[in-house]
Every structure is written in structure tokens, then in C-alpha cells.
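A.B. asks: Below is data.txt; it holds compact mmCIF, C-alpha atoms and all ligand atoms.
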# COMPACT_ATOMS: atom_id res chain seq x y z
CA ASP A 30 -64.49 -31.69 49.55
CA THR A 31 -66.80 -28.87 50.64
CA GLY A 32 -66.66 -26.12 53.23
CA SER A 33 -69.14 -23.88 55.02
CA ALA A 34 -68.45 -21.01 57.39
CA ALA A 35 -70.33 -18.07 58.86
CA ALA A 36 -69.86 -14.53 57.55
CA THR A 37 -70.52 -12.29 60.55
CA PRO A 38 -70.97 -8.55 59.96
CA GLU A 39 -69.15 -5.93 61.98
CA GLN A 40 -71.11 -2.80 62.93
CA TYR A 41 -72.99 -1.24 59.99
CA ASP A 42 -72.01 -4.31 57.88
CA ILE A 43 -68.72 -2.47 57.27
CA GLN A 44 -67.14 -5.89 56.66
CA TYR A 45 -67.89 -9.56 57.26
CA LEU A 46 -65.54 -11.78 59.28
CA THR A 47 -65.18 -15.56 58.92
CA PRO A 48 -63.21 -17.95 61.19
CA VAL A 49 -60.25 -19.68 59.51
CA SER A 50 -58.03 -22.37 61.04
CA LEU A 51 -54.31 -22.05 60.35
CA GLY A 52 -51.54 -24.51 61.25
CA THR A 53 -51.09 -27.45 63.61
CA PRO A 54 -52.44 -27.31 66.28
CA PRO A 55 -55.14 -25.04 64.78
CA GLN A 56 -54.81 -21.30 65.29
CA ILE A 57 -58.22 -19.67 64.61
CA LEU A 58 -58.25 -16.17 63.09
CA ASN A 59 -61.25 -14.18 61.88
CA LEU A 60 -60.58 -13.03 58.32
CA ASP A 61 -62.26 -10.66 55.86
CA PHE A 62 -63.03 -12.76 52.75
CA ASP A 63 -62.27 -10.42 49.87
CA SER A 64 -63.26 -11.14 46.26
CA GLY A 65 -61.51 -7.86 45.35
CA SER A 66 -57.98 -9.06 46.18
CA SER A 67 -55.89 -12.25 46.09
CA ASP A 68 -53.58 -12.37 49.10
CA LEU A 69 -54.26 -14.38 52.28
CA TRP A 70 -52.48 -12.29 54.90
CA VAL A 71 -52.70 -12.33 58.69
CA PHE A 72 -51.68 -10.41 61.74
CA SER A 73 -48.75 -12.43 63.05
CA SER A 74 -45.99 -12.82 65.61
CA GLU A 75 -43.99 -10.69 63.15
CA THR A 76 -46.38 -7.71 63.34
CA PRO A 77 -44.91 -4.93 65.52
CA ALA A 78 -46.75 -4.69 68.85
CA SER A 79 -47.31 -0.98 68.14
CA GLN A 80 -49.46 -1.96 65.14
CA VAL A 81 -51.54 -4.62 66.95
CA LYS A 82 -54.65 -3.63 68.90
CA GLY A 83 -56.44 -6.81 70.01
CA GLN A 84 -56.17 -8.79 66.77
CA ALA A 85 -55.38 -12.53 66.94
CA GLN A 86 -51.90 -13.27 65.61
CA TYR A 87 -50.74 -16.30 63.64
CA ASN A 88 -47.45 -17.63 64.99
CA PRO A 89 -45.75 -19.91 62.43
CA SER A 90 -43.17 -21.07 64.99
CA LYS A 91 -46.02 -22.56 67.02
CA SER A 92 -47.22 -24.60 64.02
CA SER A 93 -45.55 -27.96 63.29
CA THR A 94 -46.72 -27.77 59.67
CA SER A 95 -45.53 -24.24 58.80
CA LYS A 96 -42.73 -23.80 56.28
CA GLU A 97 -41.15 -20.44 55.45
CA VAL A 98 -41.12 -19.64 51.71
CA SER A 99 -37.52 -18.50 51.51
CA GLY A 100 -36.96 -15.10 49.94
CA ALA A 101 -40.67 -14.45 49.40
CA THR A 102 -42.26 -11.12 50.32
CA TRP A 103 -45.63 -9.45 49.72
CA ASP A 104 -46.88 -5.86 49.68
CA ILE A 105 -50.50 -4.92 48.98
CA SER A 106 -52.56 -1.71 48.73
CA TYR A 107 -56.37 -1.68 48.63
CA GLY A 108 -58.92 0.57 46.98
CA ASP A 109 -59.64 2.32 50.29
CA GLY A 110 -55.99 3.33 50.67
CA SER A 111 -55.13 0.74 53.32
CA SER A 112 -52.01 -1.43 52.93
CA SER A 113 -49.86 -4.17 54.48
CA SER A 114 -46.71 -6.16 53.72
CA GLY A 115 -44.43 -8.93 55.05
CA ASN A 116 -43.08 -12.49 54.68
CA VAL A 117 -44.62 -15.75 53.46
CA TYR A 118 -45.10 -19.25 54.93
CA THR A 119 -47.09 -22.24 53.75
CA ASP A 120 -49.32 -24.03 56.23
CA VAL A 121 -52.56 -25.98 56.56
CA VAL A 122 -55.58 -23.72 56.09
CA ASN A 123 -59.11 -24.91 56.89
CA VAL A 124 -62.28 -22.96 56.08
CA GLY A 125 -65.37 -24.71 57.40
CA ASN A 126 -63.80 -28.13 56.72
CA ALA A 127 -62.45 -27.31 53.26
CA THR A 128 -58.71 -27.79 53.78
CA PHE A 129 -55.52 -27.16 51.83
CA ALA A 130 -52.17 -28.29 53.26
CA GLY A 131 -49.75 -25.98 51.45
CA GLN A 132 -51.61 -22.66 51.41
CA ALA A 133 -49.48 -19.52 51.23
CA VAL A 134 -50.06 -17.65 54.50
CA GLU A 135 -48.67 -14.14 54.26
CA THR A 136 -47.53 -12.82 57.63
CA ALA A 137 -47.75 -9.07 58.21
CA GLN A 138 -44.61 -7.21 59.22
CA GLN A 139 -46.39 -3.92 58.59
CA VAL A 140 -50.06 -2.89 58.48
CA SER A 141 -51.53 0.57 57.87
CA SER A 142 -53.40 2.40 60.60
CA SER A 143 -56.89 1.45 59.43
CA PHE A 144 -56.01 -2.24 59.91
CA THR A 145 -54.53 -1.55 63.37
CA SER A 146 -57.71 0.23 64.46
CA ASP A 147 -59.94 -2.53 63.03
CA THR A 148 -59.55 -4.59 66.20
CA ASN A 149 -61.66 -7.65 65.24
CA ASN A 150 -60.13 -8.11 61.78
CA ASP A 151 -57.20 -10.56 61.95
CA GLY A 152 -56.42 -10.37 58.23
CA LEU A 153 -57.80 -10.96 54.74
CA LEU A 154 -58.47 -14.06 52.63
CA GLY A 155 -58.30 -13.07 48.98
CA LEU A 156 -60.77 -14.64 46.56
CA ALA A 157 -60.08 -12.70 43.37
CA PHE A 158 -57.88 -14.30 40.69
CA SER A 159 -54.35 -15.45 41.55
CA THR A 160 -52.93 -13.29 38.74
CA ILE A 161 -53.06 -10.32 41.14
CA ASN A 162 -51.49 -12.05 44.14
CA THR A 163 -48.64 -9.77 45.28
CA VAL A 164 -46.06 -12.35 46.48
CA GLN A 165 -42.64 -11.99 44.87
CA PRO A 166 -40.57 -13.52 43.35
CA GLU A 167 -42.96 -16.53 43.09
CA GLN A 168 -46.63 -15.49 42.89
CA GLN A 169 -48.89 -17.62 45.12
CA LYS A 170 -52.37 -19.05 44.61
CA THR A 171 -55.57 -18.10 46.41
CA PHE A 172 -57.23 -20.56 48.77
CA PHE A 173 -60.02 -21.13 46.20
CA ASP A 174 -57.55 -21.75 43.36
CA ASN A 175 -55.70 -24.25 45.57
CA ILE A 176 -58.77 -26.24 46.65
CA ARG A 177 -60.82 -25.91 43.43
CA ASP A 178 -59.88 -29.33 42.01
CA ASP A 179 -60.66 -31.05 45.32
CA LEU A 180 -64.08 -29.41 45.58
CA ASP A 181 -67.25 -31.28 44.58
CA SER A 182 -67.95 -28.35 42.23
CA PRO A 183 -65.62 -25.45 41.23
CA VAL A 184 -67.66 -22.81 43.04
CA TRP A 185 -67.84 -20.73 46.16
CA THR A 186 -70.95 -18.81 47.18
CA ALA A 187 -71.64 -15.68 49.21
CA ASP A 188 -74.84 -15.27 51.19
CA LEU A 189 -74.12 -12.00 52.99
CA LYS A 190 -76.91 -10.46 55.10
CA HIS A 191 -77.86 -7.09 56.58
CA ASN A 192 -77.00 -6.92 60.30
CA GLU A 193 -76.98 -10.70 60.74
CA PRO A 194 -74.58 -13.56 59.99
CA GLY A 195 -74.62 -15.12 56.54
CA THR A 196 -72.57 -17.90 54.95
CA TYR A 197 -69.61 -18.52 52.68
CA ASN A 198 -69.79 -22.01 51.11
CA PHE A 199 -67.10 -23.77 49.10
CA GLY A 200 -67.69 -26.54 46.57
CA PHE A 201 -71.47 -26.65 46.51
CA ILE A 202 -74.60 -24.60 45.92
CA ASP A 203 -77.05 -24.78 48.85
CA ASP A 204 -80.46 -24.52 47.21
CA SER A 205 -82.05 -23.56 50.54
CA LEU A 206 -80.22 -20.22 50.47
CA TYR A 207 -82.04 -18.70 47.49
CA THR A 208 -85.38 -18.48 45.70
CA GLY A 209 -86.15 -18.52 41.99
CA LYS A 210 -83.40 -19.24 39.55
CA ILE A 211 -79.70 -18.40 39.52
CA ALA A 212 -78.91 -16.21 36.49
CA TYR A 213 -75.30 -16.46 35.35
CA THR A 214 -73.19 -13.90 33.52
CA ASP A 215 -69.68 -14.23 32.08
CA VAL A 216 -66.75 -12.81 34.01
CA ASP A 217 -63.87 -10.83 32.47
CA SER A 218 -60.97 -11.81 34.74
CA SER A 219 -58.30 -10.06 32.65
CA ASP A 220 -57.66 -7.52 35.44
CA GLY A 221 -57.73 -10.23 38.11
CA PHE A 222 -61.21 -9.28 39.35
CA TRP A 223 -64.68 -10.83 39.08
CA MET A 224 -65.69 -8.19 36.53
CA ILE A 225 -69.20 -8.38 35.09
CA THR A 226 -71.78 -6.29 33.28
CA LEU A 227 -75.19 -5.99 34.94
CA ASP A 228 -77.86 -5.78 32.23
CA SER A 229 -79.79 -2.87 33.72
CA TYR A 230 -80.60 -0.98 36.86
CA SER A 231 -83.48 1.14 38.11
CA VAL A 232 -84.04 3.60 40.91
CA GLY A 233 -87.14 3.48 43.10
CA SER A 234 -90.44 2.00 41.99
CA SER A 235 -89.44 1.05 38.55
CA THR A 236 -90.33 3.27 35.64
CA SER A 237 -88.97 0.54 33.44
CA ASN A 238 -92.46 -0.13 32.06
CA LEU A 239 -91.98 3.16 30.13
CA SER A 240 -90.52 1.07 27.36
CA SER A 241 -90.37 2.76 23.96
CA ARG A 242 -93.20 0.44 22.80
CA ALA A 243 -95.64 1.49 25.56
CA PHE A 244 -95.19 5.21 25.04
CA HIS A 245 -94.38 5.71 21.40
CA HIS A 246 -96.03 9.13 21.77
CA ARG A 247 -94.04 9.57 25.00
CA PRO A 248 -94.40 13.07 26.48
CA SER A 249 -91.01 14.78 26.49
CA THR A 250 -90.93 14.57 30.32
CA PHE A 251 -90.80 10.73 30.24
CA PRO A 252 -87.42 8.98 30.37
CA SER A 253 -85.95 8.28 26.96
CA PRO A 254 -85.27 4.62 25.97
CA SER A 255 -81.70 5.12 27.16
CA ASP A 256 -83.05 5.44 30.69
CA SER A 257 -81.75 3.17 33.42
CA ALA A 258 -84.16 0.36 32.61
CA SER A 259 -81.84 -0.78 29.85
CA THR A 260 -78.50 0.79 30.80
CA PRO A 261 -75.81 -1.72 31.69
CA LEU A 262 -73.34 -1.31 34.57
CA THR A 263 -69.83 -2.78 34.39
CA GLY A 264 -67.93 -3.42 37.61
CA ILE A 265 -66.40 -5.93 39.98
CA ALA A 266 -68.17 -8.10 42.55
CA ASP A 267 -66.18 -7.17 45.65
CA THR A 268 -67.03 -8.65 49.05
CA GLY A 269 -64.13 -6.65 50.52
CA THR A 270 -65.62 -3.23 49.70
CA THR A 271 -68.43 -2.05 51.96
CA LEU A 272 -70.42 0.19 49.63
CA ALA A 273 -71.69 0.18 46.04
CA LEU A 274 -69.48 2.55 44.04
CA LEU A 275 -71.37 3.44 40.86
CA PRO A 276 -71.07 5.94 37.97
CA ASP A 277 -71.74 9.60 38.78
CA SER A 278 -74.78 9.57 36.48
CA VAL A 279 -76.33 6.76 38.54
CA CYS A 280 -75.55 8.54 41.81
CA THR A 281 -77.14 11.74 40.51
CA GLU A 282 -80.23 9.83 39.35
CA TYR A 283 -80.50 8.02 42.69
CA TYR A 284 -80.01 10.94 45.06
CA SER A 285 -82.24 13.25 42.97
CA GLN A 286 -85.03 11.16 44.57
CA VAL A 287 -83.87 12.15 48.11
CA SER A 288 -84.78 15.78 48.85
CA SER A 289 -82.26 16.24 51.69
CA ALA A 290 -79.36 14.62 49.78
CA ALA A 291 -76.15 16.51 49.01
CA ASN A 292 -72.74 15.48 47.77
CA SER A 293 -70.58 16.63 50.67
CA GLN A 294 -66.88 17.31 50.26
CA THR A 295 -66.37 17.18 54.03
CA ALA A 296 -68.18 13.86 54.45
CA GLY A 297 -66.52 12.49 51.31
CA GLY A 298 -69.72 11.62 49.46
CA TYR A 299 -73.51 11.75 49.36
CA VAL A 300 -75.20 12.42 52.71
CA PHE A 301 -78.84 13.03 53.69
CA ASP A 302 -81.09 13.40 56.73
CA CYS A 303 -80.99 10.12 58.68
CA ASP A 304 -84.82 10.09 58.78
CA ALA A 305 -85.04 10.28 54.97
CA THR A 306 -86.88 7.52 53.12
CA LEU A 307 -84.54 6.19 50.46
CA PRO A 308 -85.65 4.60 47.19
CA ASP A 309 -84.81 0.97 46.43
CA PHE A 310 -82.09 0.25 43.89
CA THR A 311 -82.70 -2.64 41.49
CA TYR A 312 -80.28 -4.37 39.13
CA THR A 313 -80.81 -7.21 36.70
CA VAL A 314 -78.64 -10.11 35.57
CA GLY A 315 -80.38 -11.88 32.71
CA SER A 316 -83.87 -12.75 33.91
CA THR A 317 -83.03 -12.27 37.61
CA THR A 318 -83.83 -8.95 39.30
CA ILE A 319 -82.11 -8.03 42.57
CA THR A 320 -83.62 -5.26 44.68
CA ILE A 321 -81.49 -3.48 47.27
CA PRO A 322 -83.98 -2.11 49.82
CA GLY A 323 -83.70 1.62 50.42
CA GLU A 324 -82.96 1.05 54.10
CA TYR A 325 -79.77 -0.84 53.17
CA ILE A 326 -78.65 2.34 51.37
CA ASN A 327 -79.16 4.45 54.50
CA TYR A 328 -75.71 3.23 55.42
CA ALA A 329 -74.60 4.86 58.67
CA PRO A 330 -74.60 8.15 60.61
CA VAL A 331 -71.86 10.56 59.57
CA ASP A 332 -71.19 11.48 63.20
CA THR A 333 -72.51 10.92 66.72
CA THR A 334 -75.27 13.52 66.34
CA GLY A 335 -77.07 11.06 64.07
CA GLU A 336 -78.54 13.87 62.01
CA GLN A 337 -76.77 13.27 58.68
CA CYS A 338 -76.32 9.79 57.27
CA PHE A 339 -73.87 8.51 54.65
CA GLY A 340 -75.18 6.80 51.53
CA GLY A 341 -74.49 3.17 50.65
CA ILE A 342 -74.34 4.20 46.97
CA GLN A 343 -71.40 6.48 46.19
CA SER A 344 -69.41 7.53 43.12
CA ASP A 345 -66.93 5.23 41.38
CA ALA A 346 -65.21 8.30 39.91
CA ASP A 347 -61.47 7.92 39.32
CA ILE A 348 -61.57 4.09 39.72
CA GLY A 349 -62.30 3.24 36.08
CA PHE A 350 -65.05 0.71 36.82
CA SER A 351 -67.88 0.28 39.32
CA ILE A 352 -67.50 -1.71 42.51
CA PHE A 353 -70.47 -3.86 43.51
CA GLY A 354 -69.55 -4.10 47.16
CA ASP A 355 -71.42 -5.53 50.15
CA ILE A 356 -74.33 -3.05 49.81
CA ALA A 357 -75.12 -4.63 46.41
CA LEU A 358 -74.16 -8.23 47.20
CA LYS A 359 -76.02 -8.67 50.53
CA ALA A 360 -79.35 -8.37 48.66
CA ALA A 361 -78.51 -11.49 46.62
CA PHE A 362 -77.24 -15.06 46.73
CA VAL A 363 -74.04 -14.92 44.68
CA VAL A 364 -72.22 -17.85 43.00
CA PHE A 365 -68.54 -17.38 42.10
CA GLU A 366 -67.83 -20.15 39.58
CA ASP A 367 -64.44 -20.82 38.04
CA ASP A 368 -63.61 -24.12 36.35
CA GLY A 369 -60.17 -22.72 35.55
CA SER A 370 -61.04 -21.43 32.10
CA SER A 371 -64.39 -19.62 31.85
CA PRO A 372 -65.38 -17.97 35.11
CA ARG A 373 -69.01 -16.93 35.70
CA LEU A 374 -70.98 -15.11 38.36
CA GLY A 375 -74.48 -16.23 39.32
CA PHE A 376 -77.12 -14.11 41.06
CA ALA A 377 -80.37 -15.23 42.69
CA GLN A 378 -83.00 -13.62 44.85
CA LYS A 379 -83.35 -14.81 48.45
O1 LIG B 1 -59.30 -3.20 47.32
C1 LIG B 1 -60.42 -3.41 46.88
C2 LIG B 1 -60.92 -2.67 45.63
C3 LIG B 1 -60.26 -3.30 44.43
CL1 LIG B 1 -60.61 -2.33 43.01
N1 LIG B 1 -61.29 -4.33 47.42
N2 LIG B 1 -60.92 -5.05 48.51
C4 LIG B 1 -60.65 -4.42 49.71
N3 LIG B 1 -60.08 -5.05 50.75
C5 LIG B 1 -59.89 -4.17 51.86
C6 LIG B 1 -60.47 -2.87 51.36
N4 LIG B 1 -60.92 -3.15 49.99
Written as C-alpha cells, how would this file's structure read?
C.D. replies:
Amino acid sequence: DTGSAAATPEQYDIQYLTPVSLGTPPQILNLDFDSGSSDLWVFSSETPASQVKGQAQYNPSKSSTSKEVSGATWDISYGDGSSSSGNVYTDVVNVGNATFAGQAVETAQQVSSSFTSDTNNDGLLGLAFSTINTVQPEQQKTFFDNIRDDLDSPVWTADLKHNEPGTYNFGFIDDSLYTGKIAYTDVDSSDGFWMITLDSYSVGSSTSNLSSRAFHHRPSTFPSPSDSASTPLTGIADTGTTLALLPDSVCTEYYSQVSSAANSQTAGGYVFDCDATLPDFTYTVGSTTITIPGEYINYAPVDTTGEQCFGGIQSDADIGFSIFGDIALKAAFVVFEDDGSSPRLGFAQK
């Protein structure tokens, strides 16, 4: 079995929506595929009308294959402070022809205001590890965990793009979607996330040739060997988070290259003049180097005046790890591989 479906960005690539078929006859909802969480939940006939603003709603009573999971409930909160909760059914779920008959479909009886106002988002499809699925008393499996053994290969891939539709594939690696080689790195799934360590990063036109060998009489003004060219970054690959949330030291290093940049309390992060030229941000996984173009990091205007813009790189302070969100992932072809025992993440240029 394999599946392939489009990942279409909302404005400013704030999130990517993918059509999913639920039930019999098919009910199509557009869901946010989220490698940072593990619940498949949908706006439903059980969602109060006051909390629905244009979203499509899954109606289990209109599906001949839905079954209520008696006594099961779910309740989830996300890193951005949004939340939702409700009941649980199983039903047929089809993503681009990859199908599972008994997928847990979590129906929302409550959604927080940011979901209500997100009118095109009909729910989330979690793709982190099932150990953090929130259904009680019997935890449920993610769509990927359910279909993994039926897939040609135990992988799903993300080819997210800037301001244009990309692709989520299940069960196969489409070699036409990337260039060069895919470099893999081990995943620590102990917290339920696709947590990895990037080998290094660099800001702007790389100074990484200032290796200790090349400048053994390095003037004191040159970066020391501990500079970014060899500093690792540990964080989660999270398709459900819009920005790249990185350590304060990295943010300081990055925005020190942008003369108009300031860390604004009122805006909630680093802002700069919208006409600023931003440096690229590069990260490496093994022998593969991924460059996020500076223009991707000029994320969006702060307000309708369009004078100040909000950065795509922001601080990961108070989270405990970095979050490599869409800003970081859309520059790469990303392979999420899990054979059930030793998960890996693969990165390639494209
Ligand atoms: O919640 C997180 C961060 C986990 Cl540390 N990512 N996924 C998501 N979905 C909606 C908003 N954010």
C-alpha cells in the first residue's frame, strides 16, 4: 500500500492542509498533518455551532462504517496554547489511497478559539509517536502506526514548499522530489516526538571555513572553534509548528546580522523592517547541508502597515528543546522512517 496527497499552504505558510477521506460514503476534510502530536481529531457534528466557523464537520451517524469507542475521551493542548477535546469513533480513513479501516477518529466537542477562527482547518492528523496519543482509557494509534505494516516501506515523507503546494507520501520515497543524497540521523522518540540532533548550523554566507586548522593563528576577532559551524542543535521535526524555534544564542547570532532587528515584547519575538535583507540559515545532517533562504525567514508583516515583519526564527526559550517547524522543513525533503523499533529522520536537498 502507498498513499500520496497534496500539502497546500495557508497564507504565509502558517500551516499546510491535506484532504483526508473519512467514513462511508467518504466525507472529505482538510487536515493539518502534525508530526508534533499524535491525535487525529476533527470538527464534527458534535462540535457546538458557536465554535464552528466554516469548517467541514465529520458526522459519524452519516457513516455506515463508524463505530463509537465506548467510554473513550480525548483532550489535547498544543505548544501554541491551542486545545480541543471530545469523544472517539473508529472509521475508515483514506489519505491519498493509503487506507486503514479501524482508525481512531476523535470528534471535537470543544475547540479553543484559535481553531474556531482557523476557518479552513477541519482538524489535525497526528504523526508523532502513539505514546503521546491522548485518548483515555485506551490509548489509540496514529494513522501511520496503523498502516505501517501494510505500507511498501515503513516511511512517510514531507515535501513542504514555500507559498505553493507540496506533498505528503506514505510508504515510498519518490526520488524525483529531491537531489543529492538523503542523510539519515537517529531519532530519540522517548518523549513521543521525532527528536533529532542536527550536526551544525551556520548563519549567512558561511564562515565555517574558519576551521581551527585554517586559522591556527586566528585573530581574536575570528569565531572560536565552538562557533556555529560545529555546534549541534537538538529539537523535534514538527510539521505542525509554523516557525523554527531555536536557542536564544542562535537567535542572537542570527538577528545580529539584521541591523533593524529587535526582540519585541509587544510583537512576541524578533521583528525587523519588512524591506530588510535577511541572511540564509544553514543546517547540516551528516553530509547533507540544508539552506533556508533568508526570504523564508522574513515570515510575515506584524500588522497591516507592513512596516515591521516577524521573523521565521524565534526563541525556543522555556520549551526545553528546539522545534524545527515548517520554516526549517520546507527547505528540505524529509523522510520519517519508523520500522517499529529504530526510528530515523532523513534529510535531502531539493
Ligand atoms: O504542539 C506542538 C509542539 C509540540 Cl512541542 N506542535 N504541533 C502543533 N499542532 C498545532 C499547533 N502546534
A.B. asks: Could you give me, as JSON, numbers by chain, the residues within 10 Å of range 326-341 of chain A, counting only C-alpha atoms and dropping anything in the same chain fewer than 5 positions from it?
C.D. replies: {"A": [40, 41, 42, 43, 271, 272, 273, 274, 280, 284, 289, 290, 292, 293, 296, 297, 298, 299, 300, 301, 302, 303, 304, 305, 306, 307, 308, 309, 310, 321, 354, 355, 356, 357]}
A.B. asks: Can I get the residues of chain A within 9 Å of ligand LIG 1 (chain B), each with the closest pair of atoms and their distance in Å to one decimal, using all atoms listed in the file, sorted chain first then ascending number, as a tab-separated table?
C.D. replies:
residue	atom	partner	partner_atom	distance
A:Gln44	CA	B:LIG1	C5	8.9
A:Asp61	CA	B:LIG1	N3	7.9
A:Phe62	CA	B:LIG1	N3	8.5
A:Asp63	CA	B:LIG1	N2	5.7
A:Ser64	CA	B:LIG1	N2	6.9
A:Gly65	CA	B:LIG1	N1	4.1
A:Ser66	CA	B:LIG1	N2	5.5
A:Ser106	CA	B:LIG1	O1	7.0
A:Tyr107	CA	B:LIG1	O1	3.6
A:Gly108	CA	B:LIG1	O1	3.8
A:Asp109	CA	B:LIG1	C6	5.4
A:Gly110	CA	B:LIG1	C6	7.7
A:Ser111	CA	B:LIG1	C6	6.7
A:Ser112	CA	B:LIG1	C5	8.4
A:Leu153	CA	B:LIG1	N3	7.5
A:Gly155	CA	B:LIG1	N3	8.4
A:Phe222	CA	B:LIG1	CL1	7.9
A:Ile265	CA	B:LIG1	CL1	7.5
A:Asp267	CA	B:LIG1	N1	5.9
A:Thr268	CA	B:LIG1	N2	7.1
A:Gly269	CA	B:LIG1	N2	4.1
A:Thr270	CA	B:LIG1	N4	4.7
A:Thr271	CA	B:LIG1	N4	7.8
A:Ile348	CA	B:LIG1	CL1	7.3
A:Phe350	CA	B:LIG1	CL1	8.2
A:Ser351	CA	B:LIG1	CL1	8.6
A:Ile352	CA	B:LIG1	CL1	6.9
A:Gly354	CA	B:LIG1	N1	8.3
A.B. asks: Find the distance between CA of Glu75 in chain A and CA of Leu154 in chain A and write it in Å to one decimal.
C.D. replies: 18.2 Å
A.B. asks: Closest to Asn198 in chain A among A:Ser259, A:Gln343, A:Thr76, A:Asn126, using all atoms listed in the file?
C.D. replies: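 Counting all atoms listed in the file, the residue closest to Asn198 in chain A is A:Asn126.
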A.B. asks: My list of candidates is A:Val364, A:Ser146, A:Asp68, A:Ala266. Which is closest to Ile105 in chain A when distances are computed with all atoms listed in the file?
C.D. replies: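 Of all the options, A:Asp68 lies closest to Ile105 in chain A.
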A.B. asks: Using all atoms listed in the file, find the one residue out of A:Thr171, A:Asn149, A:Gln294, A:Ser74 that sits nearest to Pro38 in chain A.
C.D. replies: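 Counting all atoms listed in the file, the residue closest to Pro38 in chain A is A:Asn149.
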A.B. asks: What would the file be for range 134-148 of chain A if you keep N, CA, C and O atoms and write it as an mmCIF file, in the first residue's frame?
C.D. replies:
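The file below, decode_19.cif, is the result:
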data_model
loop_
_atom_site.group_PDB
_atom_site.id
_atom_site.type_symbol
_atom_site.label_atom_id
_atom_site.label_comp_id
_atom_site.auth_asym_id
_atom_site.auth_seq_id
_atom_site.Cartn_x
_atom_site.Cartn_y
_atom_site.Cartn_z
ATOM 1 N N VAL A 134 -10.908 8.058 15.090
ATOM 2 C CA VAL A 134 -11.259 9.406 14.648
ATOM 3 C C VAL A 134 -11.840 10.125 15.860
ATOM 4 O O VAL A 134 -12.888 9.722 16.384
ATOM 5 N N GLU A 135 -11.125 11.131 16.332
ATOM 6 C CA GLU A 135 -11.515 11.811 17.564
ATOM 7 C C GLU A 135 -12.384 13.026 17.232
ATOM 8 O O GLU A 135 -11.939 13.934 16.542
ATOM 9 N N THR A 136 -13.631 12.989 17.659
ATOM 10 C CA THR A 136 -14.578 14.050 17.309
ATOM 11 C C THR A 136 -14.540 15.144 18.370
ATOM 12 O O THR A 136 -14.573 14.868 19.563
ATOM 13 N N ALA A 137 -14.466 16.393 17.901
ATOM 14 C CA ALA A 137 -14.331 17.521 18.835
ATOM 15 C C ALA A 137 -15.688 17.898 19.412
ATOM 16 O O ALA A 137 -16.651 18.122 18.680
ATOM 17 N N GLN A 138 -15.735 17.969 20.731
ATOM 18 C CA GLN A 138 -16.906 18.529 21.424
ATOM 19 C C GLN A 138 -16.559 19.922 21.951
ATOM 20 O O GLN A 138 -17.436 20.619 22.447
ATOM 21 N N GLN A 139 -15.248 20.249 21.839
ATOM 22 C CA GLN A 139 -14.798 21.582 22.270
ATOM 23 C C GLN A 139 -13.513 21.875 21.503
ATOM 24 O O GLN A 139 -12.668 21.010 21.363
ATOM 25 N N VAL A 140 -13.405 23.086 20.959
ATOM 26 C CA VAL A 140 -12.147 23.555 20.373
ATOM 27 C C VAL A 140 -11.861 24.961 20.891
ATOM 28 O O VAL A 140 -12.799 25.720 21.175
ATOM 29 N N SER A 141 -10.594 25.314 21.035
ATOM 30 C CA SER A 141 -10.247 26.654 21.517
ATOM 31 C C SER A 141 -10.405 27.662 20.384
ATOM 32 O O SER A 141 -10.513 27.299 19.211
ATOM 33 N N SER A 142 -10.395 28.928 20.741
ATOM 34 C CA SER A 142 -10.765 29.989 19.805
ATOM 35 C C SER A 142 -9.878 30.035 18.569
ATOM 36 O O SER A 142 -10.345 30.338 17.460
ATOM 37 N N SER A 143 -8.601 29.681 18.726
ATOM 38 C CA SER A 143 -7.726 29.778 17.535
ATOM 39 C C SER A 143 -8.124 28.743 16.487
ATOM 40 O O SER A 143 -7.940 28.964 15.285
ATOM 41 N N PHE A 144 -8.682 27.602 16.923
ATOM 42 C CA PHE A 144 -9.168 26.618 15.944
ATOM 43 C C PHE A 144 -10.464 27.126 15.306
ATOM 44 O O PHE A 144 -10.641 27.012 14.096
ATOM 45 N N THR A 145 -11.350 27.727 16.105
ATOM 46 C CA THR A 145 -12.602 28.260 15.548
ATOM 47 C C THR A 145 -12.312 29.293 14.464
ATOM 48 O O THR A 145 -12.921 29.290 13.400
ATOM 49 N N SER A 146 -11.322 30.155 14.713
ATOM 50 C CA SER A 146 -11.055 31.244 13.760
ATOM 51 C C SER A 146 -10.221 30.773 12.563
ATOM 52 O O SER A 146 -10.084 31.516 11.585
ATOM 53 N N ASP A 147 -9.713 29.554 12.631
ATOM 54 C CA ASP A 147 -8.905 29.000 11.532
ATOM 55 C C ASP A 147 -9.847 28.276 10.580
ATOM 56 O O ASP A 147 -9.904 27.045 10.552
ATOM 57 N N THR A 148 -10.555 29.038 9.737
ATOM 58 C CA THR A 148 -11.776 28.548 9.081
ATOM 59 C C THR A 148 -11.543 27.417 8.078
ATOM 60 O O THR A 148 -12.470 26.659 7.787
#
